[in-house]
Amino acid sequence: MKINNYSKSRDAYLRACKVIPSGIYGHQGPAEGCYTPVEAWPLFSQRAKGSYFWDLDGNRMIDYMCGYGPNILGYGDPDVDAAAAAQREFEDCVTIPSTKMIDFAELLVDTVASADWAFFAKNGGDVTTLAIMTARARTRRKKVVFFKGSYHGVDAWAQKKDYSGILEEDVMHNLYVEWNNVGALEQVFDRYKGEIAAVISQPYMHGNFADNELPAEGFWQKVRKLCTDNETLLIIDDVRTGFRLDLRGSDHFFGFEADLICFCKALANGYNVSALCGKEFLKGTVSGITYTGSYWLSAVPFAAGIACIEKMKRLDLPKLLAEKGRKVGEGLRAAGEKYGFDLHVSGMPSLFYLRLADDPSLMLHQEWIAECVKRGVFFTTHHNHFLNYALSDEDIAQTIAVADEAFAVLRERHPK
Amino acid sequence: MKNERALAYINLFAILGSLPYLCELDRESAKLIENADVSVGFTVKDGPSATLCFEKGQCGMESGAATCQVKLPFSSCRKFNGLIDGTVTPIPTKGFTKVGFLTKTFTKLTDRLTAFLRPAPSALDDPEFFRISTTLMFHVITEAAAQLANEDPIGQCSAASIVDGTAKLSIKDGPCSGLCCHDHRLHAVHSTPEQFLSYMEFDDMRVARDLFDGNINAIAAVGLGQVRIGGMISQIDNINRILDRVAVYLA
């Protein structure tokens with residue numbers, strides 16, 4: 001198979017480093033993206049369509065990160081793009097909003113089981129922050145419970161006191177418990193009786209560098225009851241998982257109801273919008289919070305979001321993505337077995353996480369992933385992956401062929 | 001921002017603790033101690049204690065000060081830190097016959113250490129001085145990271161997220177060390193670890209120096225391939241946060 005060359009990407013990166021902090025900052029950059037070794041990965045893309053993007057050097061990548069989630073129907077989905085283009089003919093970012101905002105909110109309320117209203121912003125962090133503010137405003141309490149290993153964005157409250165630029169005061173009301181440990185959560189509620197504003201959590205544990213962990217039987221129901229009994233709000237951060245498990249919300253998928261639920265990523269197939277949805281009793285509280293942004297009421301992303309949700313409903317998309325995810329996971333696992341490697345596939349199939357269990361240091365895993373990327377399959381070494389509707393059976397077959405060759409290379413380098 | 005107790009641990013184990021490496025690397029320092037036969041103990045109330053042993057032209061550090069010949073007690077971490085920044089003169093309680101070593105040889109040795117750890121910019125133009133200075137900085141920083149992980153409240157927060165195992169830190173074709181984590185406490189080993197869970201390697205001495213001096217950022221250096229990271233990168237990620245704290249303490 002062809003091995004990718006990234007010389008144009010590297011040149012562009014050198015340009016970027018002169019004028020942009022760390023060249024590419026954040027999770028889409030080589031450091032936080034854990035590109036190991038960095039030479040195996042493309043750094044800049046130039047176009048994208050369906051389940052692929054093409055990097056600056058013209059290499060086509062089958063993309064299993066989907067922009068870290070937003071691409072759920074396929075890059076440049078014709079229905080979503082047509083809706084966005086039609087709206088753009090009328091207006092986008094204007095002094096007063098379009099009624100597309102109402103249409104979108106109505107659609108979310110009809111779609112998401114725990115939603116009685118919707119508030120729109122741009123990024124996931126915008127709405128997780130609003131959820132925390134809502135909980136504090138409603139309960140007049142300060143403390144928030146997190147599950148260890150979770151991620152809720154990069155606003156100061158969501159970081160830790162050892163992170164650069166964060167004050168101890170920013171996070172002094174954060175409490176942390178182990179995932180799936182109801183006993184630990186009960187202890188925290190006992191210790192801080194009447195002080196906990198919210199429990200915030202992702203629907204299941206999809207932390208980095210470790211197998212993803214689904215909720216234990218009855219876990220969410222017990223958490224829900226603890227929150228209700230203690231008049232604490234339950235916030236579900238569905239930014240990463242939203243619409244890939246269940247169009248009615250991941251809380252619905254796991255059989256409980258959140259008080260507040262946060263969406264972004266897959267909400268509009270890459271158009272820039274996020275949403276906080278919640279129960280009726282919180283609508284007044286949110287109304288009273290000072291919270292706004294320059295682009296939050298732009299109409300084009302609302303039109304795109306409407307088209308995206310309607311298409312996902314027509315397709316019954318979570319079911320399709322789960323099927324694709326199972327095919328990918330089973331194929332990769334079998335390819336590993338062929339060469340005597342123990343590939344673990346964890347989490348939900350539509351957001352599968354990969355780990356070669358033969359080496360606890362993950363170095364072997366990183367080597368294998370790098371060999372896949374060099375052959376045109378964009379995986380990451382540390383993070384869950386994302387599936388999109390455009391991923392075809394041919395793409396899956398090509399992915400497995402690449403994985404097979406990468407395993408063969410690995411076995412040659414590391415004989416049994 | 002700095003915790004006096006954590007600073008005392010750094011000053012004793014990372015700064016004074018680098019004297020053995022100085023004596024190994026620097027001929028002039030080695031010559032200073034070639035005839036020395038003395039052990040100097042430092043005890044800090046509510047803080048660290050250790051002994052520097054000079055014998056047969058070599059220098060080593062041992063934890064505790066029970067068997068030292070010259071004993072320097074300090075009533076607080078602040079007082080001990082004053083010794084290092086030159087504002088406190090220590091008074092030995094034991095080993096008065098060896099005080100001459102303290103006032104003459106030891107002072108010259110620490111002056112030599114300061115010259116390497118806080119070099120005049122022009123001194124770094126000499127390749128050998130640059131190599132010794134950067135190697136010493138590497139050992140100081142590695143040790144300081146371990147001390148901060150254990151003693152600094154913010155460092156402890158980072159250490160709480162470090163999984164058990166050893167992180168290998170190295171400069172290509174230069175020094176290597178390991179930060180061994182067990183139950184969220186770190187221990188520095190100043191040699192190449194046999195096994196490691198993660199690694200961070202600086203491409204050369206210049207990259208290491210620029211990182212130590214704050215002239216380049218580790219995140220940017222990873223993208224450029226000047227710093228290689230791999231394995232259980234969450235370890236390296238959290239160690240990097242501690243290294244940021246080291247910069248605060250050593251500034």
# chains A, B, ... in the order shown; residues from 1 in each chain; ligands from 1
$ residues_around --residues "Leu410 in chain A" --least-positions-apart "3" --cutoff "8 Å" --atoms "only C-alpha atoms" --output "count of residues only"
7
$ interface_residues --of "chain A" --to "chain B" --cutoff "6 Å" --atoms "only C-alpha atoms" --output "JSON, numbers by chain"
{"A": [22, 30, 31, 162, 361, 362, 363]}
$ residues_around --residues "Ala390 in chain A" --least-positions-apart "5" --cutoff "8 Å" --atoms "only C-alpha atoms" --output "PyMOL selection string"
chain A and resi 50-51+73-74
$ write_last_selection --atoms "C-alpha atoms" --output "PDB file, in the first residue's frame"
ATOM      1  CA  GLY A  50     -18.443  12.128   2.769  1.00  0.00           C
ATOM      2  CA  SER A  51     -16.289   9.968   5.003  1.00  0.00           C
ATOM      3  CA  LEU A  73     -23.910  12.472   8.076  1.00  0.00           C
ATOM      4  CA  GLY A  74     -20.775  12.843   5.973  1.00  0.00           C
TER       5      GLY A  74
END
$ residues_around --residues "Ile96 in chain A" --least-positions-apart "6" --cutoff "12 Å" --atoms "only C-alpha atoms" --output "short mmCIF file (atom, residue, chain, number, x, y, z; two decimals) with C-alpha atoms, in the first residue's frame"
data_model
loop_
_atom_site.label_atom_id
_atom_site.label_comp_id
_atom_site.auth_asym_id
_atom_site.auth_seq_id
_atom_site.Cartn_x
_atom_site.Cartn_y
_atom_site.Cartn_z
CA SER A 294 -21.99 37.61 18.93
CA TYR A 295 -22.85 34.69 16.66
CA TRP A 296 -25.17 32.64 18.83
CA LEU A 297 -28.37 33.49 16.97
CA SER A 298 -27.02 33.13 13.42
CA ALA A 299 -29.66 31.55 11.21
#
$ atom_distance --atom1 "CA of Glu34 in chain B" --atom2 "CA of Glu128 in chain B"
21.2 Å
